[in-house]
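What follows is the content of start16.json (JSON, C-alpha atoms and all ligand atoms).
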[["chain", "number", "residue", "atom", "x", "y", "z"],
["V", 205, "MET", "CA", 4.57, 39.12, -61.84],
["V", 206, "ILE", "CA", 3.12, 42.60, -61.88],
["V", 207, "LYS", "CA", 1.79, 44.30, -65.00],
["V", 208, "ILE", "CA", 2.28, 48.01, -64.62],
["V", 209, "ALA", "CA", 1.11, 50.71, -67.00],
["V", 210, "LEU", "CA", 2.48, 54.22, -67.05],
["V", 211, "ASP", "CA", 0.86, 57.24, -68.56],
["V", 212, "LEU", "CA", 3.02, 59.07, -71.10],
["V", 213, "ASP", "CA", 2.46, 62.84, -70.88],
["V", 214, "ASP", "CA", 3.53, 64.31, -67.54],
["V", 215, "VAL", "CA", 4.40, 60.90, -66.13],
["V", 216, "LEU", "CA", 7.20, 59.80, -68.47],
["V", 217, "VAL", "CA", 7.65, 62.98, -70.51],
["V", 218, "ASP", "CA", 7.39, 66.66, -69.66],
["V", 219, "PHE", "CA", 4.43, 67.81, -71.75],
["V", 220, "VAL", "CA", 3.04, 70.59, -69.55],
["V", 221, "GLY", "CA", 6.45, 72.21, -69.03],
["V", 222, "ARG", "CA", 7.09, 72.53, -72.75],
["V", 223, "PHE", "CA", 3.49, 73.60, -73.45],
["V", 224, "ILE", "CA", 3.81, 76.37, -70.87],
["V", 225, "ASP", "CA", 7.07, 77.55, -72.49],
["V", 226, "PHE", "CA", 5.26, 77.67, -75.83],
["V", 227, "HIS", "CA", 2.22, 79.41, -74.39],
["V", 228, "ASN", "CA", 4.21, 82.06, -72.54],
["V", 229, "GLU", "CA", 6.17, 82.89, -75.68],
["V", 230, "GLU", "CA", 3.22, 82.79, -78.08],
["V", 231, "PHE", "CA", 0.58, 84.45, -75.91],
["V", 232, "GLY", "CA", 2.63, 86.58, -73.52],
["V", 233, "THR", "CA", 1.46, 84.71, -70.43],
["V", 234, "SER", "CA", 3.61, 83.90, -67.42],
["V", 235, "PHE", "CA", 2.41, 80.47, -66.32],
["V", 236, "GLU", "CA", 4.61, 78.21, -64.22],
["V", 237, "VAL", "CA", 4.33, 74.44, -63.91],
["V", 238, "ASP", "CA", 4.09, 74.57, -60.12],
["V", 239, "LYS", "CA", 1.12, 76.94, -60.35],
["V", 240, "PHE", "CA", -0.69, 75.25, -63.23],
["V", 241, "VAL", "CA", -3.84, 74.40, -61.31],
["V", 242, "TYR", "CA", -7.10, 73.22, -62.85],
["V", 243, "ASP", "CA", -9.83, 70.75, -61.96],
["V", 244, "ASP", "CA", -11.28, 69.79, -65.31],
["V", 245, "GLY", "CA", -9.03, 70.94, -68.14],
["V", 246, "TYR", "CA", -6.46, 73.43, -69.41],
["V", 247, "TYR", "CA", -9.26, 75.76, -70.52],
["V", 248, "GLN", "CA", -9.76, 76.78, -66.88],
["V", 249, "VAL", "CA", -6.21, 77.92, -66.26],
["V", 250, "LEU", "CA", -5.78, 79.42, -69.75],
["V", 251, "ASN", "CA", -9.18, 81.08, -69.34],
["V", 252, "VAL", "CA", -10.38, 80.22, -72.87],
["V", 253, "GLU", "CA", -13.04, 77.97, -74.42],
["V", 254, "PRO", "CA", -12.15, 74.23, -74.54],
["V", 255, "THR", "CA", -12.15, 74.34, -78.37],
["V", 256, "GLU", "CA", -9.51, 77.08, -78.25],
["V", 257, "VAL", "CA", -7.31, 74.81, -76.13],
["V", 258, "GLY", "CA", -7.47, 72.23, -78.93],
["V", 259, "GLN", "CA", -6.31, 74.89, -81.40],
["V", 260, "ARG", "CA", -3.44, 75.90, -79.14],
["V", 261, "PHE", "CA", -2.37, 72.26, -78.79],
["V", 262, "LYS", "CA", -2.26, 72.03, -82.58],
["V", 263, "THR", "CA", -0.09, 75.14, -82.84],
["V", 264, "PHE", "CA", 2.11, 73.84, -80.02],
["V", 265, "ARG", "CA", 2.68, 70.54, -81.84],
["V", 266, "LYS", "CA", 3.96, 72.45, -84.87],
["V", 267, "SER", "CA", 6.26, 74.65, -82.77],
["V", 268, "PRO", "CA", 9.92, 74.06, -81.86],
["V", 269, "HIS", "CA", 8.84, 73.71, -78.23],
["V", 270, "PHE", "CA", 7.06, 70.45, -78.99],
["V", 271, "LYS", "CA", 10.31, 68.95, -80.24],
["V", 272, "LYS", "CA", 11.75, 69.59, -76.80],
["V", 273, "VAL", "CA", 9.19, 67.36, -75.04],
["V", 274, "GLY", "CA", 11.25, 64.55, -73.59],
["V", 275, "PRO", "CA", 11.70, 62.21, -70.62],
["V", 276, "PHE", "CA", 12.05, 63.42, -67.06],
["V", 277, "PRO", "CA", 15.46, 62.61, -65.50],
["V", 278, "TYR", "CA", 13.87, 59.71, -63.59],
["V", 279, "SER", "CA", 11.88, 58.18, -66.49],
["V", 280, "ILE", "CA", 14.37, 55.81, -68.09],
["V", 281, "PRO", "CA", 15.97, 54.68, -64.78],
["V", 282, "LEU", "CA", 12.44, 54.03, -63.44],
["V", 283, "LEU", "CA", 11.49, 51.87, -66.44],
["V", 284, "GLU", "CA", 14.80, 50.02, -66.19],
["V", 285, "GLU", "CA", 14.30, 49.39, -62.50],
["V", 286, "LEU", "CA", 10.77, 48.07, -63.02],
["V", 287, "LYS", "CA", 12.03, 45.70, -65.70],
["V", 288, "SER", "CA", 14.94, 44.53, -63.58],
["V", 289, "LEU", "CA", 12.47, 43.62, -60.83],
["V", 290, "GLY", "CA", 10.72, 41.35, -63.34],
["V", 291, "HIS", "CA", 7.62, 43.50, -63.87],
["V", 292, "THR", "CA", 5.97, 43.89, -67.26],
["V", 293, "VAL", "CA", 5.92, 47.53, -68.30],
["V", 294, "HIS", "CA", 3.34, 49.10, -70.63],
["V", 295, "ILE", "CA", 2.49, 52.67, -71.63],
["V", 296, "VAL", "CA", -1.13, 53.76, -71.74],
["V", 297, "THR", "CA", -1.64, 57.26, -73.07],
["V", 298, "GLY", "CA", -4.73, 59.45, -73.29],
["V", 299, "ARG", "CA", -3.59, 60.68, -76.71],
["V", 300, "ASP", "CA", -6.00, 59.93, -79.53],
["V", 301, "THR", "CA", -5.12, 57.49, -82.29],
["V", 302, "GLY", "CA", -4.88, 60.41, -84.75],
["V", 303, "ARG", "CA", -1.51, 60.97, -83.11],
["V", 304, "LEU", "CA", -0.42, 57.36, -83.42],
["V", 305, "ASN", "CA", 2.45, 57.88, -85.87],
["V", 306, "GLU", "CA", 3.78, 60.91, -84.03],
["V", 307, "THR", "CA", 3.62, 58.98, -80.75],
["V", 308, "LYS", "CA", 5.25, 55.87, -82.22],
["V", 309, "GLU", "CA", 8.17, 57.96, -83.42],
["V", 310, "PHE", "CA", 8.34, 59.60, -80.04],
["V", 311, "VAL", "CA", 8.22, 56.37, -77.97],
["V", 312, "GLU", "CA", 10.77, 54.69, -80.22],
["V", 313, "LYS", "CA", 13.06, 57.67, -79.94],
["V", 314, "PHE", "CA", 13.10, 57.75, -76.14],
["V", 315, "PHE", "CA", 11.94, 54.40, -74.79],
["V", 316, "ALA", "CA", 12.78, 51.82, -77.46],
["V", 317, "GLU", "CA", 15.02, 49.92, -75.06],
["V", 318, "GLN", "CA", 12.44, 49.82, -72.28],
["V", 319, "VAL", "CA", 8.98, 49.47, -73.86],
["V", 320, "SER", "CA", 8.20, 47.74, -77.15],
["V", 321, "TRP", "CA", 5.62, 49.36, -79.42],
["V", 322, "GLU", "CA", 3.13, 46.48, -78.89],
["V", 323, "ARG", "CA", 2.97, 47.56, -75.27],
["V", 324, "VAL", "CA", 1.82, 51.11, -76.03],
["V", 325, "HIS", "CA", -1.96, 51.64, -75.79],
["V", 326, "PHE", "CA", -4.20, 54.56, -76.73],
["V", 327, "GLY", "CA", -6.98, 55.22, -74.23],
["V", 328, "SER", "CA", -8.47, 58.40, -75.60],
["V", 329, "ASP", "CA", -11.63, 60.17, -74.61],
["V", 330, "PHE", "CA", -11.37, 62.67, -77.44],
["V", 331, "HIS", "CA", -14.58, 62.75, -79.44],
["V", 332, "GLU", "CA", -12.82, 62.92, -82.79],
["V", 333, "ASP", "CA", -11.24, 59.54, -82.15],
["V", 334, "LYS", "CA", -13.00, 57.02, -84.39],
["V", 335, "ASN", "CA", -12.42, 54.07, -82.13],
["V", 336, "PRO", "CA", -12.28, 55.41, -78.62],
["V", 337, "GLN", "CA", -11.29, 53.02, -75.90],
["V", 338, "LEU", "CA", -11.02, 54.57, -72.48],
["V", 339, "LYS", "CA", -8.03, 54.14, -70.21],
["V", 340, "HIS", "CA", -9.84, 52.13, -67.58],
["V", 341, "GLU", "CA", -11.22, 49.79, -70.28],
["V", 342, "ILE", "CA", -7.68, 49.17, -71.53],
["V", 343, "CYS", "CA", -6.39, 48.61, -68.00],
["V", 344, "ILE", "CA", -9.06, 45.96, -67.44],
["V", 345, "SER", "CA", -8.74, 44.22, -70.82],
["V", 346, "GLU", "CA", -4.93, 44.15, -70.57],
["V", 347, "GLY", "CA", -5.02, 43.05, -66.92],
["V", 348, "PHE", "CA", -2.86, 45.83, -65.54],
["V", 349, "ASN", "CA", -2.36, 45.64, -61.76],
["V", 350, "PHE", "CA", -1.13, 49.22, -61.43],
["V", 351, "LEU", "CA", -1.34, 52.49, -63.33],
["V", 352, "VAL", "CA", 1.02, 55.43, -62.77],
["V", 353, "GLU", "CA", -0.97, 58.55, -63.69],
["V", 354, "ASP", "CA", -1.07, 62.32, -63.27],
["V", 355, "SER", "CA", -4.62, 63.08, -64.41],
["V", 356, "ALA", "CA", -7.21, 63.27, -61.65],
["V", 357, "LYS", "CA", -9.94, 62.21, -64.06],
["V", 358, "HIS", "CA", -8.15, 59.13, -65.38],
["V", 359, "ALA", "CA", -6.94, 58.21, -61.89],
["V", 360, "PHE", "CA", -10.46, 58.24, -60.52],
["V", 361, "GLU", "CA", -11.99, 56.34, -63.44],
["V", 362, "CYS", "CA", -9.34, 53.62, -63.23],
["V", 363, "ALA", "CA", -9.58, 53.42, -59.44],
["V", 364, "GLU", "CA", -13.35, 52.96, -59.73],
["V", 365, "ALA", "CA", -12.72, 50.15, -62.22],
["V", 366, "GLY", "CA", -10.57, 48.37, -59.61],
["V", 367, "ILE", "CA", -7.10, 49.33, -60.84],
["V", 368, "LYS", "CA", -4.58, 50.43, -58.22],
["V", 369, "VAL", "CA", -3.46, 53.94, -59.21],
["V", 370, "LEU", "CA", -0.20, 55.56, -58.19],
["V", 371, "LEU", "CA", -0.96, 59.24, -58.67],
["V", 372, "LEU", "CA", 2.07, 61.51, -59.14],
["V", 373, "ASP", "CA", 1.55, 64.60, -57.02],
["V", 374, "LYS", "CA", 0.95, 67.51, -59.43],
["V", 375, "PRO", "CA", -0.67, 70.95, -59.01],
["V", 376, "TRP", "CA", -3.53, 69.90, -61.33],
["V", 377, "ASN", "CA", -4.56, 66.78, -59.41],
["V", 378, "GLN", "CA", -4.87, 68.12, -55.87],
["V", 379, "LYS", "CA", -8.65, 67.83, -55.81],
["V", 380, "VAL", "CA", -9.03, 64.21, -56.89],
["V", 381, "ASN", "CA", -11.61, 62.41, -54.73],
["V", 382, "SER", "CA", -9.96, 60.15, -52.20],
["V", 383, "HIS", "CA", -10.33, 56.49, -53.13],
["V", 384, "LYS", "CA", -9.06, 53.25, -51.65],
["V", 385, "ASN", "CA", -7.37, 52.43, -54.95],
["V", 386, "ILE", "CA", -5.51, 55.73, -55.28],
["V", 387, "VAL", "CA", -2.15, 56.29, -53.59],
["V", 388, "ARG", "CA", -0.50, 59.69, -53.98],
["V", 389, "ILE", "CA", 3.19, 59.57, -54.85],
["V", 390, "LYS", "CA", 4.46, 62.63, -53.00],
["V", 391, "ASN", "CA", 7.91, 62.96, -54.49],
["V", 392, "SER", "CA", 6.84, 63.39, -58.09],
["V", 393, "LYS", "CA", 10.25, 64.74, -59.13],
["V", 394, "ASN", "CA", 11.99, 61.55, -58.04],
["V", 395, "PRO", "CA", 9.22, 58.97, -57.66],
["V", 396, "THR", "CA", 11.02, 55.68, -58.30],
["V", 397, "SER", "CA", 11.48, 54.36, -54.77],
["V", 398, "GLU", "CA", 7.96, 55.38, -53.71],
["V", 399, "ILE", "CA", 6.43, 53.71, -56.76],
["V", 400, "ILE", "CA", 8.37, 50.50, -56.21],
["V", 401, "SER", "CA", 7.47, 50.37, -52.52],
["V", 402, "HIS", "CA", 3.77, 50.17, -53.47],
["V", 403, "LEU", "CA", 4.04, 47.40, -56.06],
["V", 404, "LYS", "CA", 2.55, 44.43, -54.32],
["V", 405, "THR", "CA", -0.37, 42.38, -55.58],
["P", 501, "MG", "MG", -0.76, 62.51, -68.28]]
Any chance you could put this one into structure tokens?
Amino acid sequence: MIKIALDLDDVLVDFVGRFIDFHNEEFGTSFEVDKFVYDDGYYQVLNVEPTEVGQRFKTFRKSPHFKKVGPFPYSIPLLEELKSLGHTVHIVTGRDTGRLNETKEFVEKFFAEQVSWERVHFGSDFHEDKNPQLKHEICISEGFNFLVEDSAKHAFECAEAGIKVLLLDKPWNQKVNSHKNIVRIKNSKNPTSEIISHLKT
């Protein structure tokens, strides 16, 4: 049996797309998801200080755009398919535990049938988090065989820790260091069959 963890934002739900909609409306920018390229963080593409990005996230979460964050067309069928193959499915998010209630509501709204709340883990590297546990630490302690991820940073850290990472091809992860434990999933708009083809222990 394979234990597979999936990241939440930009793997199961469209966070960047809705954030860009918000940002373009609020700040008069004209960003597009396919051209949202950065190496380290949003501050690079928004061209602001990292602390300002945090402020903009806060405003975004209070905006109507945030309420439109939801699953990609493939997300629920993918989770269903993984379950039907007998795999154990978890979610491991980089959100901080300050957003636990909001995230619980969110996961229960969209994925209640596929992932129980006990299988949702918070692997935050935000400094304000009182009890930070990093994603790769969670992957090891929970014994995940695979992680589906979009962040170059989290992919590399988990790969270094020995987790096999299926990295969804996104504009913001093109420069991730190559690693024997990282496989790029090229069709990130319809990744199910590629993901399943790699699930072997
Ligand atoms: Mg993500």
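If one restricts the calculation to only C-alpha atoms and all ligand atoms, the set of residues situated within 10 Å of ligand MG 501 (chain P) consists of Leu210, Asp211, Leu212, Asp213, Asp214, Val215, Leu216, Val217, Asp218, Phe219, Val220, Val296, Thr297, Gly298, Arg299, Val352, Glu353, Asp354, Ser355, Ala356, His358, Ala359 and Leu372 of chain V.
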* Can you tell me how far CA of Leu250 (chain V) sits from CA of Ser382 (chain V), in Å to one decimal? ->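 Straight-line distance from CA of Leu250 (chain V) to CA of Ser382 (chain V) works out to 26.4 Å.
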* Distance query region 397-401 of chain V at most 10 Å, only C-alpha atoms, self and fewer than 4 positions along chain excluded, as a count of residues only -> 15
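Coordinates place CA of Asp243 (chain V) at a distance of 11.5 Å from CA of Lys374 (chain V).
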* Structure fact -> Taken to one decimal, the CA of Ile386 (chain V)-CA of Ala363 (chain V) distance is 6.3 Å
* Smallest atom-to-atom distance to Asn394 (chain V): which of V:His269, V:Ile280, V:Ser328, V:Leu338, using all atoms listed in the file? ->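 Closest residue, counting all atoms listed in the file: V:Ile280.
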* Determine, counting all atoms listed in the file, which protein, DNA and RNA residues have an atom within 9 Å of an atom of Phe264 (chain V); residues of the same chain fewer than 3 positions away are not included. Present the result as a VMD selection string. => chain V and resid 222 to 223 226 to 227 259 to 261 267 to 270
